[in-house]
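Only one structure is covered here, and it is reproduced in the block below.
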Amino acid sequence: AFTGSIPADLGRFLKIMNLAGNKLAGTIPPAIVTMASLNILNLSDNELEGIIPPSIGSMVLLKVLDLSDNLLSSTIPSALGNGKLKLLDLSNNTLTGTIPSQLVQLQGASILLKDNRFDNETAPLSLCLREVKEFDLAFHPTLCQIERNALVEFYDAAKGAKWTDGSLWLDEDAGYCGWKGVTCNVDGRVTKLHLANNGLSGR
């Protein structure tokens with residue numbers, strides 16, 4: 001097994017870097033972004049810590065980013081949503097904060113984030129609705145609440161796009177208790193849905 005830290009510059013022409021299952025420690029060097037030809041970066045199952053360099057989001061040829069099973073902390077950089085990743089695996093780290101809505105831009109990608117320490121806030125709605133290929137927290141009871149998903153199904157069935165007033169419905173970040181006509185109790189459970197004279201249709 002390899003030990004030590006990751007060299008800051010391993011070459012500009014590498015297409016695949018697979019260093020999984022070693023004992024690499026330290027941080028991921030921001031200079032890794034200079035490896036502009038990289039298609040696959042697999043640093044999983046090591047002892048890496050610190051932040052995920054936001055600059056990785058600018059690596060336009062990168063398709064697979066696997067940083068799972070490390071000790072990475074802080075938040076997920078929103079810039080990761082700017083790339084063309086088909087697999088983003090950040091599972092089993094110590095990441096915190098909220099899940100950035102920009103990850104929804106990774107159409108056709110598998111996004112794996114389980115076993116971290118995210119805040120008890122909702123994940124972006126489009127991720128919960130699996131508008132990407134795969135989202136492994138889509139059925140998480142706190143991050144992707146069942147009631148929010150049920151309200152979305154109701155919105156679609158009742159042709160919500162044509163409602164007279166659908167304020168905040170399907171907003172990526174707004175809590176569903178603030179959606180037009182939705183009333184919740186202190187536990188966040190829907191207790192009332194009032195959408196009279198609002199142009200609902202469908203069946």
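Labeling convention for the structure tokens: chains A, B, ... as they appear, residues from 1 per chain, ligands from 1 in order of appearance.
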
Can you pull out the residues contacting Ser74 of chain A? Cut-off 10 Å, using only C-alpha atoms, and skip same-chain residues under 5 positions away; I want them as a PDB file with all heavy atoms, in the first residue's frame.
```
ATOM      1  N   GLU A  49      -7.973  14.096   4.369  1.00  0.00           N
ATOM      2  CA  GLU A  49      -8.783  14.987   5.190  1.00  0.00           C
ATOM      3  C   GLU A  49      -8.793  16.385   4.592  1.00  0.00           C
ATOM      4  O   GLU A  49      -8.206  16.627   3.534  1.00  0.00           O
ATOM      5  CB  GLU A  49      -8.241  15.021   6.620  1.00  0.00           C
ATOM      6  CG  GLU A  49      -6.783  15.418   6.714  1.00  0.00           C
ATOM      7  CD  GLU A  49      -6.226  15.263   8.120  1.00  0.00           C
ATOM      8  OE1 GLU A  49      -6.948  14.742   8.989  1.00  0.00           O
ATOM      9  OE2 GLU A  49      -5.076  15.675   8.341  1.00  0.00           O
ATOM     10  N   GLY A  50      -9.487  17.283   5.262  1.00  0.00           N
ATOM     11  CA  GLY A  50      -9.575  18.646   4.758  1.00  0.00           C
ATOM     12  C   GLY A  50     -10.722  18.813   3.778  1.00  0.00           C
ATOM     13  O   GLY A  50     -11.651  18.005   3.739  1.00  0.00           O
ATOM     14  N   ILE A  51     -10.650  19.855   2.962  1.00  0.00           N
ATOM     15  CA  ILE A  51     -11.748  20.199   2.063  1.00  0.00           C
ATOM     16  C   ILE A  51     -11.575  19.539   0.697  1.00  0.00           C
ATOM     17  O   ILE A  51     -10.500  19.078   0.343  1.00  0.00           O
ATOM     18  CB  ILE A  51     -11.861  21.722   1.882  1.00  0.00           C
ATOM     19  CG1 ILE A  51     -10.655  22.265   1.100  1.00  0.00           C
ATOM     20  CG2 ILE A  51     -11.982  22.424   3.223  1.00  0.00           C
ATOM     21  CD1 ILE A  51     -10.823  23.701   0.632  1.00  0.00           C
ATOM     22  N   ILE A  52     -12.661  19.519  -0.038  1.00  0.00           N
ATOM     23  CA  ILE A  52     -12.626  19.130  -1.449  1.00  0.00           C
ATOM     24  C   ILE A  52     -12.322  20.394  -2.253  1.00  0.00           C
ATOM     25  O   ILE A  52     -13.091  21.357  -2.187  1.00  0.00           O
ATOM     26  CB  ILE A  52     -13.967  18.535  -1.894  1.00  0.00           C
ATOM     27  CG1 ILE A  52     -14.303  17.298  -1.065  1.00  0.00           C
ATOM     28  CG2 ILE A  52     -13.947  18.195  -3.384  1.00  0.00           C
ATOM     29  CD1 ILE A  52     -15.719  16.782  -1.298  1.00  0.00           C
ATOM     30  N   ASN A  93     -17.740  10.086   4.463  1.00  0.00           N
ATOM     31  CA  ASN A  93     -16.766  11.068   4.899  1.00  0.00           C
ATOM     32  C   ASN A  93     -17.360  11.787   6.113  1.00  0.00           C
ATOM     33  O   ASN A  93     -18.231  11.228   6.791  1.00  0.00           O
ATOM     34  CB  ASN A  93     -16.453  12.045   3.760  1.00  0.00           C
ATOM     35  CG  ASN A  93     -15.446  11.477   2.767  1.00  0.00           C
ATOM     36  OD1 ASN A  93     -14.253  11.446   3.038  1.00  0.00           O
ATOM     37  ND2 ASN A  93     -15.931  11.025   1.614  1.00  0.00           N
ATOM     38  N   THR A  94     -16.888  12.998   6.401  1.00  0.00           N
ATOM     39  CA  THR A  94     -17.474  13.781   7.494  1.00  0.00           C
ATOM     40  C   THR A  94     -17.932  15.140   6.963  1.00  0.00           C
ATOM     41  O   THR A  94     -17.763  16.168   7.620  1.00  0.00           O
ATOM     42  CB  THR A  94     -16.466  13.959   8.653  1.00  0.00           C
ATOM     43  OG1 THR A  94     -15.276  14.601   8.169  1.00  0.00           O
ATOM     44  CG2 THR A  94     -16.080  12.623   9.254  1.00  0.00           C
ATOM     45  N   LEU A  95     -18.509  15.136   5.765  1.00  0.00           N
ATOM     46  CA  LEU A  95     -18.979  16.373   5.141  1.00  0.00           C
ATOM     47  C   LEU A  95     -20.187  16.920   5.892  1.00  0.00           C
ATOM     48  O   LEU A  95     -21.028  16.166   6.379  1.00  0.00           O
ATOM     49  CB  LEU A  95     -19.325  16.110   3.683  1.00  0.00           C
ATOM     50  CG  LEU A  95     -18.154  15.642   2.806  1.00  0.00           C
ATOM     51  CD1 LEU A  95     -18.655  15.138   1.464  1.00  0.00           C
ATOM     52  CD2 LEU A  95     -17.137  16.760   2.627  1.00  0.00           C
ATOM     53  N   THR A  96     -20.279  18.231   5.962  1.00  0.00           N
ATOM     54  CA  THR A  96     -21.355  18.890   6.708  1.00  0.00           C
ATOM     55  C   THR A  96     -22.039  19.929   5.826  1.00  0.00           C
ATOM     56  O   THR A  96     -21.767  20.039   4.635  1.00  0.00           O
ATOM     57  CB  THR A  96     -20.792  19.562   7.965  1.00  0.00           C
ATOM     58  OG1 THR A  96     -19.764  20.503   7.581  1.00  0.00           O
ATOM     59  CG2 THR A  96     -20.196  18.542   8.919  1.00  0.00           C
ATOM     60  N   GLY A  97     -22.902  20.720   6.436  1.00  0.00           N
ATOM     61  CA  GLY A  97     -23.600  21.781   5.714  1.00  0.00           C
ATOM     62  C   GLY A  97     -24.768  21.251   4.915  1.00  0.00           C
ATOM     63  O   GLY A  97     -25.313  20.183   5.191  1.00  0.00           O
ATOM     64  N   ARG A 117     -22.365  13.939   7.430  1.00  0.00           N
ATOM     65  CA  ARG A 117     -22.960  14.639   8.580  1.00  0.00           C
ATOM     66  C   ARG A 117     -23.673  15.909   8.147  1.00  0.00           C
ATOM     67  O   ARG A 117     -23.465  16.982   8.721  1.00  0.00           O
ATOM     68  CB  ARG A 117     -21.874  14.965   9.612  1.00  0.00           C
ATOM     69  CG  ARG A 117     -21.153  13.726  10.136  1.00  0.00           C
ATOM     70  CD  ARG A 117     -20.013  14.089  11.070  1.00  0.00           C
ATOM     71  NE  ARG A 117     -19.292  12.905  11.522  1.00  0.00           N
ATOM     72  CZ  ARG A 117     -18.195  12.938  12.271  1.00  0.00           C
ATOM     73  NH1 ARG A 117     -17.678  14.115  12.636  1.00  0.00           N
ATOM     74  NH2 ARG A 117     -17.594  11.813  12.637  1.00  0.00           N
ATOM     75  N   PHE A 118     -24.490  15.782   7.126  1.00  0.00           N
ATOM     76  CA  PHE A 118     -25.192  16.949   6.598  1.00  0.00           C
ATOM     77  C   PHE A 118     -26.176  17.501   7.626  1.00  0.00           C
ATOM     78  O   PHE A 118     -26.713  16.767   8.452  1.00  0.00           O
ATOM     79  CB  PHE A 118     -25.939  16.587   5.314  1.00  0.00           C
ATOM     80  CG  PHE A 118     -25.040  16.122   4.206  1.00  0.00           C
ATOM     81  CD1 PHE A 118     -25.166  14.840   3.674  1.00  0.00           C
ATOM     82  CD2 PHE A 118     -24.050  16.946   3.710  1.00  0.00           C
ATOM     83  CE1 PHE A 118     -24.329  14.404   2.662  1.00  0.00           C
ATOM     84  CE2 PHE A 118     -23.202  16.526   2.698  1.00  0.00           C
ATOM     85  CZ  PHE A 118     -23.346  15.247   2.174  1.00  0.00           C
TER      86      PHE A 118
END
```

query: Can you tell me, as an MDAnalysis selection string, what residues are no more than 8 Å from Ala79 of chain A when counting only C-alpha atoms, ignoring any on the same chain fewer than 5 positions away?
result: chainID A and resid 54:58 102

Where in segment 114-173 of chain A does DSSP assign alpha helix (DSSP H), given as a PDB file with all heavy atoms, in the first residue's frame?
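Okay, this is what ended up in result_13.pdb:
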```
ATOM      1  N   LEU A 125     -34.701  19.719  -4.128  1.00  0.00           N
ATOM      2  CA  LEU A 125     -35.877  18.972  -4.560  1.00  0.00           C
ATOM      3  C   LEU A 125     -35.600  18.097  -5.777  1.00  0.00           C
ATOM      4  O   LEU A 125     -36.017  16.943  -5.832  1.00  0.00           O
ATOM      5  CB  LEU A 125     -37.016  19.952  -4.870  1.00  0.00           C
ATOM      6  CG  LEU A 125     -38.341  19.356  -5.322  1.00  0.00           C
ATOM      7  CD1 LEU A 125     -38.899  18.425  -4.261  1.00  0.00           C
ATOM      8  CD2 LEU A 125     -39.334  20.472  -5.623  1.00  0.00           C
ATOM      9  N   SER A 126     -34.891  18.624  -6.760  1.00  0.00           N
ATOM     10  CA  SER A 126     -34.650  17.866  -7.989  1.00  0.00           C
ATOM     11  C   SER A 126     -33.815  16.617  -7.737  1.00  0.00           C
ATOM     12  O   SER A 126     -33.983  15.612  -8.419  1.00  0.00           O
ATOM     13  CB  SER A 126     -33.960  18.748  -9.034  1.00  0.00           C
ATOM     14  OG  SER A 126     -34.804  19.797  -9.431  1.00  0.00           O
ATOM     15  N   LEU A 127     -32.921  16.673  -6.751  1.00  0.00           N
ATOM     16  CA  LEU A 127     -32.161  15.478  -6.406  1.00  0.00           C
ATOM     17  C   LEU A 127     -33.072  14.425  -5.776  1.00  0.00           C
ATOM     18  O   LEU A 127     -32.992  13.243  -6.091  1.00  0.00           O
ATOM     19  CB  LEU A 127     -31.019  15.824  -5.447  1.00  0.00           C
ATOM     20  CG  LEU A 127     -29.794  16.516  -6.023  1.00  0.00           C
ATOM     21  CD1 LEU A 127     -28.767  16.789  -4.925  1.00  0.00           C
ATOM     22  CD2 LEU A 127     -29.161  15.695  -7.140  1.00  0.00           C
ATOM     23  N   CYS A 128     -33.946  14.880  -4.886  1.00  0.00           N
ATOM     24  CA  CYS A 128     -34.870  13.946  -4.236  1.00  0.00           C
ATOM     25  C   CYS A 128     -35.818  13.299  -5.237  1.00  0.00           C
ATOM     26  O   CYS A 128     -36.246  12.156  -5.052  1.00  0.00           O
ATOM     27  CB  CYS A 128     -35.669  14.662  -3.153  1.00  0.00           C
ATOM     28  SG  CYS A 128     -34.660  15.194  -1.738  1.00  0.00           S
ATOM     29  N   ILE A 146     -40.991  12.476   2.824  1.00  0.00           N
ATOM     30  CA  ILE A 146     -42.076  11.828   2.092  1.00  0.00           C
ATOM     31  C   ILE A 146     -43.185  12.817   1.775  1.00  0.00           C
ATOM     32  O   ILE A 146     -43.751  12.806   0.679  1.00  0.00           O
ATOM     33  CB  ILE A 146     -42.627  10.637   2.903  1.00  0.00           C
ATOM     34  CG1 ILE A 146     -41.559   9.540   3.026  1.00  0.00           C
ATOM     35  CG2 ILE A 146     -43.889  10.071   2.262  1.00  0.00           C
ATOM     36  CD1 ILE A 146     -41.963   8.393   3.920  1.00  0.00           C
ATOM     37  N   GLU A 147     -43.501  13.710   2.717  1.00  0.00           N
ATOM     38  CA  GLU A 147     -44.601  14.660   2.498  1.00  0.00           C
ATOM     39  C   GLU A 147     -44.283  15.631   1.368  1.00  0.00           C
ATOM     40  O   GLU A 147     -45.164  15.976   0.579  1.00  0.00           O
ATOM     41  CB  GLU A 147     -44.915  15.405   3.794  1.00  0.00           C
ATOM     42  CG  GLU A 147     -45.527  14.502   4.858  1.00  0.00           C
ATOM     43  CD  GLU A 147     -46.261  15.274   5.921  1.00  0.00           C
ATOM     44  OE1 GLU A 147     -46.049  16.502   6.018  1.00  0.00           O
ATOM     45  OE2 GLU A 147     -47.065  14.667   6.652  1.00  0.00           O
ATOM     46  N   ARG A 148     -43.044  16.065   1.276  1.00  0.00           N
ATOM     47  CA  ARG A 148     -42.687  16.971   0.174  1.00  0.00           C
ATOM     48  C   ARG A 148     -42.836  16.252  -1.158  1.00  0.00           C
ATOM     49  O   ARG A 148     -43.374  16.813  -2.119  1.00  0.00           O
ATOM     50  CB  ARG A 148     -41.263  17.496   0.344  1.00  0.00           C
ATOM     51  CG  ARG A 148     -40.881  18.491  -0.768  1.00  0.00           C
ATOM     52  CD  ARG A 148     -39.544  19.145  -0.554  1.00  0.00           C
ATOM     53  NE  ARG A 148     -38.434  18.210  -0.667  1.00  0.00           N
ATOM     54  CZ  ARG A 148     -37.163  18.601  -0.852  1.00  0.00           C
ATOM     55  NH1 ARG A 148     -36.857  19.885  -0.914  1.00  0.00           N
ATOM     56  NH2 ARG A 148     -36.206  17.699  -0.941  1.00  0.00           N
ATOM     57  N   ASN A 149     -42.374  15.002  -1.221  1.00  0.00           N
ATOM     58  CA  ASN A 149     -42.511  14.240  -2.457  1.00  0.00           C
ATOM     59  C   ASN A 149     -43.975  14.040  -2.831  1.00  0.00           C
ATOM     60  O   ASN A 149     -44.347  14.098  -4.008  1.00  0.00           O
ATOM     61  CB  ASN A 149     -41.814  12.885  -2.316  1.00  0.00           C
ATOM     62  CG  ASN A 149     -40.301  13.021  -2.205  1.00  0.00           C
ATOM     63  OD1 ASN A 149     -39.745  14.086  -2.450  1.00  0.00           O
ATOM     64  ND2 ASN A 149     -39.638  11.949  -1.811  1.00  0.00           N
ATOM     65  N   ALA A 150     -44.828  13.797  -1.816  1.00  0.00           N
ATOM     66  CA  ALA A 150     -46.261  13.606  -2.068  1.00  0.00           C
ATOM     67  C   ALA A 150     -46.899  14.892  -2.596  1.00  0.00           C
ATOM     68  O   ALA A 150     -47.757  14.854  -3.491  1.00  0.00           O
ATOM     69  CB  ALA A 150     -46.961  13.147  -0.793  1.00  0.00           C
ATOM     70  N   LEU A 151     -46.482  16.032  -2.063  1.00  0.00           N
ATOM     71  CA  LEU A 151     -47.012  17.312  -2.542  1.00  0.00           C
ATOM     72  C   LEU A 151     -46.608  17.562  -3.997  1.00  0.00           C
ATOM     73  O   LEU A 151     -47.384  18.108  -4.783  1.00  0.00           O
ATOM     74  CB  LEU A 151     -46.519  18.456  -1.658  1.00  0.00           C
ATOM     75  CG  LEU A 151     -47.168  18.564  -0.275  1.00  0.00           C
ATOM     76  CD1 LEU A 151     -46.427  19.594   0.573  1.00  0.00           C
ATOM     77  CD2 LEU A 151     -48.647  18.940  -0.388  1.00  0.00           C
ATOM     78  N   VAL A 152     -45.398  17.148  -4.356  1.00  0.00           N
ATOM     79  CA  VAL A 152     -44.956  17.308  -5.741  1.00  0.00           C
ATOM     80  C   VAL A 152     -45.817  16.451  -6.674  1.00  0.00           C
ATOM     81  O   VAL A 152     -46.205  16.896  -7.761  1.00  0.00           O
ATOM     82  CB  VAL A 152     -43.470  16.933  -5.883  1.00  0.00           C
ATOM     83  CG1 VAL A 152     -43.060  16.889  -7.354  1.00  0.00           C
ATOM     84  CG2 VAL A 152     -42.603  17.934  -5.134  1.00  0.00           C
ATOM     85  N   GLU A 153     -46.115  15.227  -6.246  1.00  0.00           N
ATOM     86  CA  GLU A 153     -46.975  14.360  -7.054  1.00  0.00           C
ATOM     87  C   GLU A 153     -48.358  14.986  -7.222  1.00  0.00           C
ATOM     88  O   GLU A 153     -48.948  14.933  -8.308  1.00  0.00           O
ATOM     89  CB  GLU A 153     -47.088  12.983  -6.401  1.00  0.00           C
ATOM     90  CG  GLU A 153     -45.793  12.180  -6.444  1.00  0.00           C
ATOM     91  CD  GLU A 153     -45.944  10.819  -5.794  1.00  0.00           C
ATOM     92  OE1 GLU A 153     -47.091  10.455  -5.437  1.00  0.00           O
ATOM     93  OE2 GLU A 153     -44.931  10.118  -5.632  1.00  0.00           O
ATOM     94  N   PHE A 154     -48.866  15.592  -6.149  1.00  0.00           N
ATOM     95  CA  PHE A 154     -50.159  16.278  -6.226  1.00  0.00           C
ATOM     96  C   PHE A 154     -50.091  17.458  -7.194  1.00  0.00           C
ATOM     97  O   PHE A 154     -50.998  17.675  -8.015  1.00  0.00           O
ATOM     98  CB  PHE A 154     -50.577  16.768  -4.832  1.00  0.00           C
ATOM     99  CG  PHE A 154     -51.760  17.689  -4.839  1.00  0.00           C
ATOM    100  CD1 PHE A 154     -53.046  17.196  -5.015  1.00  0.00           C
ATOM    101  CD2 PHE A 154     -51.595  19.062  -4.688  1.00  0.00           C
ATOM    102  CE1 PHE A 154     -54.139  18.050  -5.038  1.00  0.00           C
ATOM    103  CE2 PHE A 154     -52.669  19.916  -4.705  1.00  0.00           C
ATOM    104  CZ  PHE A 154     -53.954  19.417  -4.878  1.00  0.00           C
ATOM    105  N   TYR A 155     -49.017  18.219  -7.118  1.00  0.00           N
ATOM    106  CA  TYR A 155     -48.828  19.378  -7.995  1.00  0.00           C
ATOM    107  C   TYR A 155     -48.860  18.962  -9.462  1.00  0.00           C
ATOM    108  O   TYR A 155     -49.525  19.587 -10.290  1.00  0.00           O
ATOM    109  CB  TYR A 155     -47.495  20.040  -7.649  1.00  0.00           C
ATOM    110  CG  TYR A 155     -47.117  21.234  -8.504  1.00  0.00           C
ATOM    111  CD1 TYR A 155     -47.513  22.514  -8.141  1.00  0.00           C
ATOM    112  CD2 TYR A 155     -46.335  21.084  -9.653  1.00  0.00           C
ATOM    113  CE1 TYR A 155     -47.153  23.620  -8.906  1.00  0.00           C
ATOM    114  CE2 TYR A 155     -45.968  22.175 -10.422  1.00  0.00           C
ATOM    115  CZ  TYR A 155     -46.378  23.436 -10.043  1.00  0.00           C
ATOM    116  OH  TYR A 155     -46.023  24.519 -10.803  1.00  0.00           O
ATOM    117  N   ASP A 156     -48.151  17.888  -9.773  1.00  0.00           N
ATOM    118  CA  ASP A 156     -48.109  17.409 -11.154  1.00  0.00           C
ATOM    119  C   ASP A 156     -49.483  16.903 -11.609  1.00  0.00           C
ATOM    120  O   ASP A 156     -49.925  17.194 -12.722  1.00  0.00           O
ATOM    121  CB  ASP A 156     -47.075  16.292 -11.296  1.00  0.00           C
ATOM    122  CG  ASP A 156     -45.651  16.806 -11.167  1.00  0.00           C
ATOM    123  OD1 ASP A 156     -45.427  18.015 -11.397  1.00  0.00           O
ATOM    124  OD2 ASP A 156     -44.756  16.000 -10.831  1.00  0.00           O
ATOM    125  N   ALA A 157     -50.161  16.144 -10.726  1.00  0.00           N
ATOM    126  CA  ALA A 157     -51.461  15.577 -11.090  1.00  0.00           C
ATOM    127  C   ALA A 157     -52.522  16.655 -11.268  1.00  0.00           C
ATOM    128  O   ALA A 157     -53.434  16.510 -12.094  1.00  0.00           O
ATOM    129  CB  ALA A 157     -51.901  14.580 -10.021  1.00  0.00           C
TER     130      ALA A 157
END
```

message: For the structure I just gave you, how does DSSP split segment 23-181 of chain A - specifically, which residues are strand (DSSP E or B)? Reply as a list in words.
response: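 In segment 23-181 of chain A, DSSP puts these residues in strand (DSSP E or B): Lys23, Leu24, Ala25, Gly26, Ile40, Leu41, Asn42, Glu47, Leu48, Glu49, Gly50, Val64, Leu65, Asp66, Leu71, Leu72, Leu87, Leu88, Asp89, Ser110, Ile111, Leu112, Glu134 and Phe135 of chain A.
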
Polymer residues at most 6 Å from Ser44 of chain A, only C-alpha atoms, same-chain spacing of 5 or more positions, as a CSV table (one decimal) with C-alpha atoms, in the first residue's frame:
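File written: result.csv
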```csv
chain,number,residue,atom,x,y,z
A,20,ALA,CA,-7.9,3.6,-4.0
A,66,ASP,CA,-14.6,8.9,-6.2
A,67,LEU,CA,-13.5,10.3,-2.9
A,68,SER,CA,-15.5,7.9,-0.7
A,69,ASP,CA,-14.3,6.4,2.5
```

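Between atom CA of Arg189 of chain A and atom CA of Thr98 of chain A the separation is 21.3 Å.
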
- request: Would you list the contacts of Glu134 of chain A as a PyMOL selection string, taking every protein, DNA or RNA residue within 8 Å and counting only C-alpha atoms, but skipping same-chain residues closer than 4 positions in sequence?
  value: chain A and resi 108-112+130

Output for the residues just chosen: all heavy atoms as a PDB file, in the first residue's frame:
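For reference, selection_12.pdb as written:
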```pdb
ATOM      1  N   GLY A 108     -27.832  12.892 -15.695  1.00  0.00           N
ATOM      2  CA  GLY A 108     -27.347  11.575 -16.069  1.00  0.00           C
ATOM      3  C   GLY A 108     -26.268  11.034 -15.156  1.00  0.00           C
ATOM      4  O   GLY A 108     -25.662  10.005 -15.455  1.00  0.00           O
ATOM      5  N   ALA A 109     -26.011  11.700 -14.027  1.00  0.00           N
ATOM      6  CA  ALA A 109     -24.950  11.274 -13.119  1.00  0.00           C
ATOM      7  C   ALA A 109     -25.513  10.486 -11.944  1.00  0.00           C
ATOM      8  O   ALA A 109     -26.670  10.640 -11.555  1.00  0.00           O
ATOM      9  CB  ALA A 109     -24.176  12.482 -12.603  1.00  0.00           C
ATOM     10  N   SER A 110     -24.670   9.637 -11.370  1.00  0.00           N
ATOM     11  CA  SER A 110     -24.955   8.989 -10.093  1.00  0.00           C
ATOM     12  C   SER A 110     -24.282   9.814  -9.004  1.00  0.00           C
ATOM     13  O   SER A 110     -23.067  10.045  -9.068  1.00  0.00           O
ATOM     14  CB  SER A 110     -24.423   7.554 -10.077  1.00  0.00           C
ATOM     15  OG  SER A 110     -25.113   6.747 -11.010  1.00  0.00           O
ATOM     16  N   ILE A 111     -25.067  10.257  -8.025  1.00  0.00           N
ATOM     17  CA  ILE A 111     -24.553  11.099  -6.948  1.00  0.00           C
ATOM     18  C   ILE A 111     -24.733  10.346  -5.637  1.00  0.00           C
ATOM     19  O   ILE A 111     -25.850  10.098  -5.195  1.00  0.00           O
ATOM     20  CB  ILE A 111     -25.286  12.455  -6.919  1.00  0.00           C
ATOM     21  CG1 ILE A 111     -25.048  13.188  -8.253  1.00  0.00           C
ATOM     22  CG2 ILE A 111     -24.809  13.297  -5.744  1.00  0.00           C
ATOM     23  CD1 ILE A 111     -25.791  14.495  -8.369  1.00  0.00           C
ATOM     24  N   LEU A 112     -23.616   9.981  -5.018  1.00  0.00           N
ATOM     25  CA  LEU A 112     -23.619   9.129  -3.829  1.00  0.00           C
ATOM     26  C   LEU A 112     -23.037   9.912  -2.652  1.00  0.00           C
ATOM     27  O   LEU A 112     -21.852  10.265  -2.655  1.00  0.00           O
ATOM     28  CB  LEU A 112     -22.801   7.860  -4.090  1.00  0.00           C
ATOM     29  CG  LEU A 112     -23.142   7.107  -5.395  1.00  0.00           C
ATOM     30  CD1 LEU A 112     -22.235   5.904  -5.576  1.00  0.00           C
ATOM     31  CD2 LEU A 112     -24.611   6.686  -5.409  1.00  0.00           C
ATOM     32  N   ARG A 130     -34.938  12.524  -8.104  1.00  0.00           N
ATOM     33  CA  ARG A 130     -34.045  11.728  -8.944  1.00  0.00           C
ATOM     34  C   ARG A 130     -34.053  12.192 -10.400  1.00  0.00           C
ATOM     35  O   ARG A 130     -34.205  11.405 -11.329  1.00  0.00           O
ATOM     36  CB  ARG A 130     -34.395  10.249  -8.830  1.00  0.00           C
ATOM     37  CG  ARG A 130     -33.934   9.649  -7.511  1.00  0.00           C
ATOM     38  CD  ARG A 130     -34.535   8.297  -7.260  1.00  0.00           C
ATOM     39  NE  ARG A 130     -35.962   8.415  -6.986  1.00  0.00           N
ATOM     40  CZ  ARG A 130     -36.796   7.395  -6.906  1.00  0.00           C
ATOM     41  NH1 ARG A 130     -36.363   6.188  -7.100  1.00  0.00           N
ATOM     42  NH2 ARG A 130     -38.080   7.582  -6.639  1.00  0.00           N
TER      43      ARG A 130
END
```

message: Please determine, counting only C-alpha atoms, which residue among A:Ile6, A:Ala196, A:Gly188, A:Asn92 has the shortest atom-to-atom distance to Ala31 of chain A.
response: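 Closest to Ala31 of chain A of all the choices is A:Ile6.
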